[in-house]
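Colleague: Below is the file run-v1.txt, which contains compact mmCIF, N, CA and C atoms.
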```
# COMPACT_ATOMS: atom_id res chain seq x y z
N MET D 6 -3.29 6.22 -26.92
CA MET D 6 -3.74 6.81 -28.17
C MET D 6 -3.85 8.32 -28.04
N ARG D 7 -4.37 8.78 -26.89
CA ARG D 7 -4.49 10.22 -26.67
C ARG D 7 -3.14 10.91 -26.74
N ARG D 8 -2.14 10.27 -26.12
CA ARG D 8 -0.79 10.84 -26.13
C ARG D 8 -0.28 10.96 -27.55
N PHE D 9 -0.46 9.92 -28.36
CA PHE D 9 0.00 9.95 -29.74
C PHE D 9 -0.66 11.08 -30.51
N LEU D 10 -1.97 11.22 -30.36
CA LEU D 10 -2.69 12.27 -31.09
C LEU D 10 -2.25 13.66 -30.65
N THR D 11 -2.00 13.84 -29.35
CA THR D 11 -1.53 15.13 -28.85
C THR D 11 -0.15 15.45 -29.41
N ILE D 12 0.75 14.49 -29.37
CA ILE D 12 2.10 14.70 -29.89
C ILE D 12 2.05 14.94 -31.39
N PHE D 13 1.23 14.19 -32.12
CA PHE D 13 1.11 14.38 -33.56
C PHE D 13 0.61 15.79 -33.87
N ALA D 14 -0.40 16.25 -33.13
CA ALA D 14 -0.94 17.59 -33.37
C ALA D 14 0.11 18.66 -33.12
N LEU D 15 0.87 18.49 -32.08
CA LEU D 15 1.92 19.47 -31.78
C LEU D 15 3.03 19.44 -32.84
N CYS D 16 3.39 18.26 -33.28
CA CYS D 16 4.45 18.15 -34.28
C CYS D 16 4.01 18.70 -35.64
N SER D 17 2.72 18.68 -35.91
CA SER D 17 2.23 19.19 -37.18
C SER D 17 2.20 20.71 -37.23
N ALA D 18 2.19 21.36 -36.10
CA ALA D 18 2.10 22.82 -36.04
C ALA D 18 3.48 23.41 -36.25
N SER D 19 3.75 23.92 -37.43
CA SER D 19 5.10 24.38 -37.77
C SER D 19 5.49 25.68 -37.11
N GLN D 20 4.57 26.45 -36.55
CA GLN D 20 4.94 27.72 -35.95
C GLN D 20 5.62 27.55 -34.59
N PHE D 21 5.55 26.37 -33.98
CA PHE D 21 6.16 26.15 -32.68
C PHE D 21 7.58 25.64 -32.83
N SER D 22 8.48 26.14 -31.96
CA SER D 22 9.83 25.60 -31.96
C SER D 22 10.10 24.86 -30.66
N PHE D 23 9.27 25.08 -29.63
CA PHE D 23 9.44 24.41 -28.36
C PHE D 23 8.07 24.37 -27.69
N ALA D 24 7.66 23.22 -27.23
CA ALA D 24 6.32 23.14 -26.65
C ALA D 24 6.22 21.99 -25.67
N ASP D 25 5.30 22.10 -24.74
CA ASP D 25 4.95 21.03 -23.82
C ASP D 25 3.67 20.37 -24.35
N VAL D 26 3.53 19.08 -24.12
CA VAL D 26 2.30 18.40 -24.52
C VAL D 26 1.13 19.02 -23.77
N PHE D 27 1.29 19.22 -22.45
CA PHE D 27 0.28 19.91 -21.64
C PHE D 27 0.94 21.16 -21.09
N GLU D 28 0.40 22.30 -21.44
CA GLU D 28 1.00 23.59 -21.10
C GLU D 28 1.27 23.72 -19.60
N GLY D 29 2.50 24.10 -19.28
CA GLY D 29 2.89 24.30 -17.89
C GLY D 29 3.43 23.05 -17.21
N PHE D 30 3.38 21.91 -17.89
CA PHE D 30 3.87 20.65 -17.34
C PHE D 30 4.98 20.11 -18.23
N PRO D 31 6.04 19.57 -17.65
CA PRO D 31 7.09 18.98 -18.48
C PRO D 31 6.60 17.71 -19.16
N ASP D 32 7.25 17.34 -20.24
CA ASP D 32 6.88 16.13 -20.97
C ASP D 32 7.54 14.89 -20.39
N ILE D 33 8.71 15.08 -19.76
CA ILE D 33 9.47 13.97 -19.20
C ILE D 33 9.99 14.37 -17.83
N ILE D 34 9.91 13.44 -16.89
CA ILE D 34 10.48 13.61 -15.56
C ILE D 34 11.45 12.46 -15.34
N VAL D 35 12.64 12.77 -14.84
CA VAL D 35 13.64 11.74 -14.55
C VAL D 35 13.75 11.59 -13.03
N CYS D 36 13.55 10.37 -12.54
CA CYS D 36 13.58 10.08 -11.11
C CYS D 36 14.63 9.00 -10.84
N GLU D 37 15.01 8.86 -9.60
CA GLU D 37 15.93 7.80 -9.19
C GLU D 37 15.12 6.73 -8.47
N VAL D 38 15.44 5.47 -8.75
CA VAL D 38 14.77 4.35 -8.08
C VAL D 38 15.81 3.48 -7.41
N GLY D 39 15.36 2.69 -6.46
CA GLY D 39 16.22 1.74 -5.76
C GLY D 39 15.49 0.43 -5.61
N GLN D 40 15.77 -0.30 -4.55
CA GLN D 40 15.15 -1.59 -4.30
C GLN D 40 13.64 -1.42 -4.14
N PRO D 41 12.79 -2.27 -4.61
CA PRO D 41 13.09 -3.58 -5.18
C PRO D 41 13.41 -3.53 -6.68
N TYR D 42 13.57 -2.34 -7.25
CA TYR D 42 13.90 -2.20 -8.67
C TYR D 42 15.40 -2.12 -8.85
N ARG D 43 15.84 -2.25 -10.06
CA ARG D 43 17.26 -2.07 -10.36
C ARG D 43 17.58 -0.60 -10.12
N PRO D 44 18.53 -0.29 -9.24
CA PRO D 44 18.86 1.11 -8.93
C PRO D 44 19.32 1.88 -10.16
N GLY D 45 18.91 3.15 -10.23
CA GLY D 45 19.32 4.00 -11.33
C GLY D 45 18.26 5.02 -11.69
N ALA D 46 18.49 5.68 -12.82
CA ALA D 46 17.56 6.71 -13.29
C ALA D 46 16.38 6.05 -14.00
N LEU D 47 15.22 6.66 -13.84
CA LEU D 47 13.99 6.19 -14.44
C LEU D 47 13.34 7.36 -15.16
N THR D 48 12.99 7.17 -16.42
CA THR D 48 12.35 8.21 -17.20
C THR D 48 10.84 7.96 -17.22
N LEU D 49 10.10 8.98 -16.82
CA LEU D 49 8.64 8.91 -16.83
C LEU D 49 8.14 9.89 -17.87
N SER D 50 7.33 9.40 -18.80
CA SER D 50 6.80 10.23 -19.89
C SER D 50 5.36 10.63 -19.61
N VAL D 51 5.00 11.79 -20.11
CA VAL D 51 3.64 12.29 -19.92
C VAL D 51 2.66 11.29 -20.53
N GLU D 52 1.59 11.01 -19.80
CA GLU D 52 0.61 10.03 -20.24
C GLU D 52 -0.73 10.69 -20.57
N TYR D 53 -1.32 11.39 -19.61
CA TYR D 53 -2.59 12.07 -19.86
C TYR D 53 -2.85 13.12 -18.79
N GLN D 54 -3.84 13.96 -19.04
CA GLN D 54 -4.26 14.99 -18.10
C GLN D 54 -5.72 14.75 -17.77
N ASN D 55 -6.05 14.75 -16.47
CA ASN D 55 -7.45 14.50 -16.10
C ASN D 55 -8.24 15.80 -16.03
N GLU D 56 -9.50 15.69 -15.67
CA GLU D 56 -10.39 16.86 -15.65
C GLU D 56 -9.99 17.87 -14.58
N ASN D 57 -9.22 17.46 -13.58
CA ASN D 57 -8.75 18.37 -12.53
C ASN D 57 -7.43 19.05 -12.91
N LYS D 58 -6.97 18.83 -14.13
CA LYS D 58 -5.73 19.40 -14.66
C LYS D 58 -4.48 18.81 -14.01
N SER D 59 -4.60 17.63 -13.39
CA SER D 59 -3.42 16.90 -12.92
C SER D 59 -2.89 16.10 -14.09
N VAL D 60 -1.57 16.00 -14.19
CA VAL D 60 -0.95 15.28 -15.30
C VAL D 60 -0.30 14.01 -14.76
N TYR D 61 -0.51 12.91 -15.46
CA TYR D 61 0.03 11.61 -15.05
C TYR D 61 1.20 11.24 -15.96
N TYR D 62 2.21 10.61 -15.35
CA TYR D 62 3.41 10.18 -16.05
C TYR D 62 3.58 8.69 -15.82
N ARG D 63 4.15 7.99 -16.83
CA ARG D 63 4.33 6.54 -16.75
C ARG D 63 5.71 6.16 -17.25
N SER D 64 6.31 5.17 -16.60
CA SER D 64 7.60 4.65 -17.07
C SER D 64 7.35 3.76 -18.29
N SER D 65 8.40 3.52 -19.07
CA SER D 65 8.23 2.73 -20.30
C SER D 65 7.85 1.28 -20.01
N ASP D 66 8.24 0.76 -18.83
CA ASP D 66 7.86 -0.61 -18.50
C ASP D 66 6.46 -0.69 -17.88
N GLY D 67 5.83 0.46 -17.65
CA GLY D 67 4.48 0.49 -17.13
C GLY D 67 4.34 0.18 -15.65
N LYS D 68 5.46 0.14 -14.91
CA LYS D 68 5.40 -0.20 -13.49
C LYS D 68 5.42 1.00 -12.56
N GLN D 69 5.83 2.14 -13.06
CA GLN D 69 5.92 3.34 -12.24
C GLN D 69 4.97 4.41 -12.79
N PHE D 70 4.15 4.97 -11.91
CA PHE D 70 3.22 6.04 -12.29
C PHE D 70 3.31 7.14 -11.25
N VAL D 71 3.37 8.37 -11.69
CA VAL D 71 3.29 9.50 -10.77
C VAL D 71 2.29 10.51 -11.30
N LYS D 72 1.78 11.31 -10.37
CA LYS D 72 0.82 12.36 -10.71
C LYS D 72 1.44 13.69 -10.32
N LEU D 73 1.34 14.66 -11.20
CA LEU D 73 1.79 16.02 -10.92
C LEU D 73 0.54 16.89 -10.92
N ASP D 74 0.19 17.43 -9.73
CA ASP D 74 -1.05 18.20 -9.63
C ASP D 74 -0.86 19.65 -10.04
N ARG D 75 -1.96 20.40 -10.05
CA ARG D 75 -1.93 21.82 -10.47
C ARG D 75 -1.01 22.66 -9.60
N LYS D 76 -0.84 22.27 -8.36
CA LYS D 76 0.02 23.02 -7.43
C LYS D 76 1.49 22.68 -7.60
N GLY D 77 1.79 21.67 -8.44
CA GLY D 77 3.16 21.30 -8.72
C GLY D 77 3.75 20.26 -7.79
N LEU D 78 2.90 19.48 -7.10
CA LEU D 78 3.38 18.44 -6.20
C LEU D 78 3.30 17.08 -6.88
N VAL D 79 4.38 16.31 -6.77
CA VAL D 79 4.44 14.97 -7.36
C VAL D 79 4.00 13.97 -6.30
N SER D 80 3.07 13.09 -6.67
CA SER D 80 2.65 12.02 -5.76
C SER D 80 2.60 10.71 -6.52
N ALA D 81 2.64 9.60 -5.76
CA ALA D 81 2.58 8.27 -6.37
C ALA D 81 1.16 8.04 -6.87
N ALA D 82 1.04 7.51 -8.07
CA ALA D 82 -0.28 7.24 -8.63
C ALA D 82 -0.62 5.76 -8.53
N SER D 83 0.27 4.95 -7.96
CA SER D 83 -0.01 3.53 -7.70
C SER D 83 0.82 3.10 -6.50
N LYS D 84 0.41 2.02 -5.86
CA LYS D 84 1.11 1.56 -4.65
C LYS D 84 2.52 1.08 -4.95
N SER D 85 2.79 0.65 -6.18
CA SER D 85 4.12 0.14 -6.52
C SER D 85 5.12 1.24 -6.84
N THR D 86 4.66 2.49 -6.95
CA THR D 86 5.55 3.58 -7.31
C THR D 86 6.39 4.01 -6.12
N LYS D 87 7.70 3.81 -6.24
CA LYS D 87 8.66 4.22 -5.21
C LYS D 87 9.86 4.82 -5.92
N ASN D 88 9.92 6.15 -5.98
CA ASN D 88 11.05 6.80 -6.62
C ASN D 88 11.32 8.16 -5.98
N SER D 89 12.43 8.78 -6.35
CA SER D 89 12.87 10.02 -5.72
C SER D 89 12.00 11.22 -6.04
N CYS D 90 11.13 11.14 -7.01
CA CYS D 90 10.29 12.28 -7.38
C CYS D 90 9.07 12.43 -6.47
N VAL D 91 8.62 11.34 -5.89
CA VAL D 91 7.44 11.37 -5.03
C VAL D 91 7.71 12.28 -3.83
N GLY D 92 6.81 13.24 -3.64
CA GLY D 92 6.95 14.20 -2.55
C GLY D 92 7.68 15.47 -2.93
N GLN D 93 8.27 15.49 -4.13
CA GLN D 93 8.99 16.66 -4.62
C GLN D 93 7.99 17.63 -5.28
N THR D 94 8.46 18.85 -5.49
CA THR D 94 7.66 19.82 -6.24
C THR D 94 8.23 19.97 -7.63
N LEU D 95 7.42 20.46 -8.53
CA LEU D 95 7.87 20.69 -9.90
C LEU D 95 9.03 21.67 -9.93
N SER D 96 8.96 22.72 -9.13
CA SER D 96 10.05 23.71 -9.13
C SER D 96 11.37 23.11 -8.65
N SER D 97 11.33 22.20 -7.66
CA SER D 97 12.57 21.57 -7.21
C SER D 97 13.12 20.61 -8.26
N LEU D 98 12.23 19.89 -8.96
CA LEU D 98 12.70 19.00 -10.03
C LEU D 98 13.32 19.80 -11.17
N LYS D 99 12.72 20.94 -11.51
CA LYS D 99 13.29 21.79 -12.56
C LYS D 99 14.66 22.31 -12.14
N ALA D 100 14.78 22.74 -10.90
CA ALA D 100 16.05 23.27 -10.40
C ALA D 100 17.15 22.22 -10.43
N LYS D 101 16.78 20.95 -10.26
CA LYS D 101 17.75 19.85 -10.28
C LYS D 101 18.01 19.33 -11.70
N GLY D 102 17.34 19.91 -12.70
CA GLY D 102 17.52 19.46 -14.08
C GLY D 102 16.88 18.12 -14.36
N LYS D 103 15.78 17.81 -13.68
CA LYS D 103 15.12 16.50 -13.81
C LYS D 103 13.87 16.54 -14.69
N THR D 104 13.63 17.67 -15.37
CA THR D 104 12.46 17.77 -16.24
C THR D 104 12.90 18.15 -17.65
N TYR D 105 12.16 17.65 -18.63
CA TYR D 105 12.47 17.92 -20.03
C TYR D 105 11.17 18.10 -20.80
N SER D 106 11.25 18.83 -21.90
CA SER D 106 10.11 18.99 -22.79
C SER D 106 10.55 18.67 -24.19
N TYR D 107 9.62 18.21 -25.00
CA TYR D 107 9.93 17.87 -26.38
C TYR D 107 10.29 19.13 -27.16
N THR D 108 11.29 19.03 -27.99
CA THR D 108 11.66 20.11 -28.90
C THR D 108 11.14 19.72 -30.28
N LEU D 109 10.35 20.60 -30.85
CA LEU D 109 9.79 20.33 -32.16
C LEU D 109 10.72 20.89 -33.23
N ILE D 110 10.97 20.10 -34.24
CA ILE D 110 11.86 20.50 -35.33
C ILE D 110 10.99 20.94 -36.50
N GLU D 111 11.29 22.10 -37.03
CA GLU D 111 10.52 22.62 -38.16
C GLU D 111 11.09 22.14 -39.47
```
Could you take the file, read its structure, and then write that structure out as structure tokens?

Modeller:
Amino acid sequence: MRRFLTIFALCSASQFSFADVFEGFPDIIVCEVGQPYRPGALTLSVEYQNENKSVYYRSSDGKQFVKLDRKGLVSAASKSTKNSCVGQTLSSLKAKGKTYSYTLIE
């Protein structure tokens, strides 16, 4: 619900043409997964930000969770999370073209 309200508030603001749900953090991270999952790309969407300013991302099936901390390090947020983003930094994911942000249409 929090995510919906945040996205709705951002979409309602007509002065923005490009924005992140949480400033300084991408809205989407794309990771690669392998066994025991079906190998391929996995899209993780921004879920929430905690009081320490770490941002959590979740896959659409709800099985993969990662945390991106203030320092820009990606870590697994659950024991079942096994993907190529874990252990990476935000700057390396950006350099590889693995991060995206929502574009707001006016």

Colleague: Need the shell around Ser96 in chain D: protein/DNA/RNA residues with any atom at most 6.5 Å away, counting only N, CA and C atoms. Skip same-chain ones fewer than 4 positions apart. Format as a tab-separated table (two decimals) with N, CA and C atoms, in the frame of the given file?

Modeller:
```
chain	number	residue	atom	x	y	z
D	77	GLY	N	1.79	21.67	-8.44
D	77	GLY	CA	3.16	21.30	-8.72
D	77	GLY	C	3.75	20.26	-7.79
D	100	ALA	N	14.78	22.74	-10.90
D	100	ALA	CA	16.05	23.27	-10.40
D	100	ALA	C	17.15	22.22	-10.43
D	101	LYS	N	16.78	20.95	-10.26
D	101	LYS	CA	17.75	19.85	-10.28
D	101	LYS	C	18.01	19.33	-11.70
```

Colleague: Taking only range 30-105 of chain D into account, list the residues labelled alpha helix (DSSP H) by DSSP (computed from the backbone), as a count of residues only.

Modeller: 6

Colleague: Do you have the CA of Leu78 in chain D-atom N of Asn55 in chain D distance handy?

Modeller: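 Between CA of Leu78 in chain D and atom N of Asn55 in chain D the gap works out to 14.4 Å.
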
Colleague: Using only C-alpha atoms, pick whichever of D:Val26, D:Leu47, D:Cys36, D:Val60 has the shortest atom-to-atom distance to Thr108 in chain D.

Modeller: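 The shortest atom-to-atom distance to Thr108 in chain D comes from D:Val26.
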
Colleague: Quick check, in Å to one decimal: how far apart do atom C of Phe27 in chain D and CA of Leu49 in chain D lie?

Modeller: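 Atom-to-atom, atom C of Phe27 in chain D to CA of Leu49 in chain D, that is 15.1 Å.
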
Colleague: If we count only C-alpha atoms and set the cut-off at 12 Å, which residues sit around Ser89 in chain D, ignoring sequence neighbours fewer than 5 positions away in its own chain? Please answer as a count of residues only.

Modeller: 23
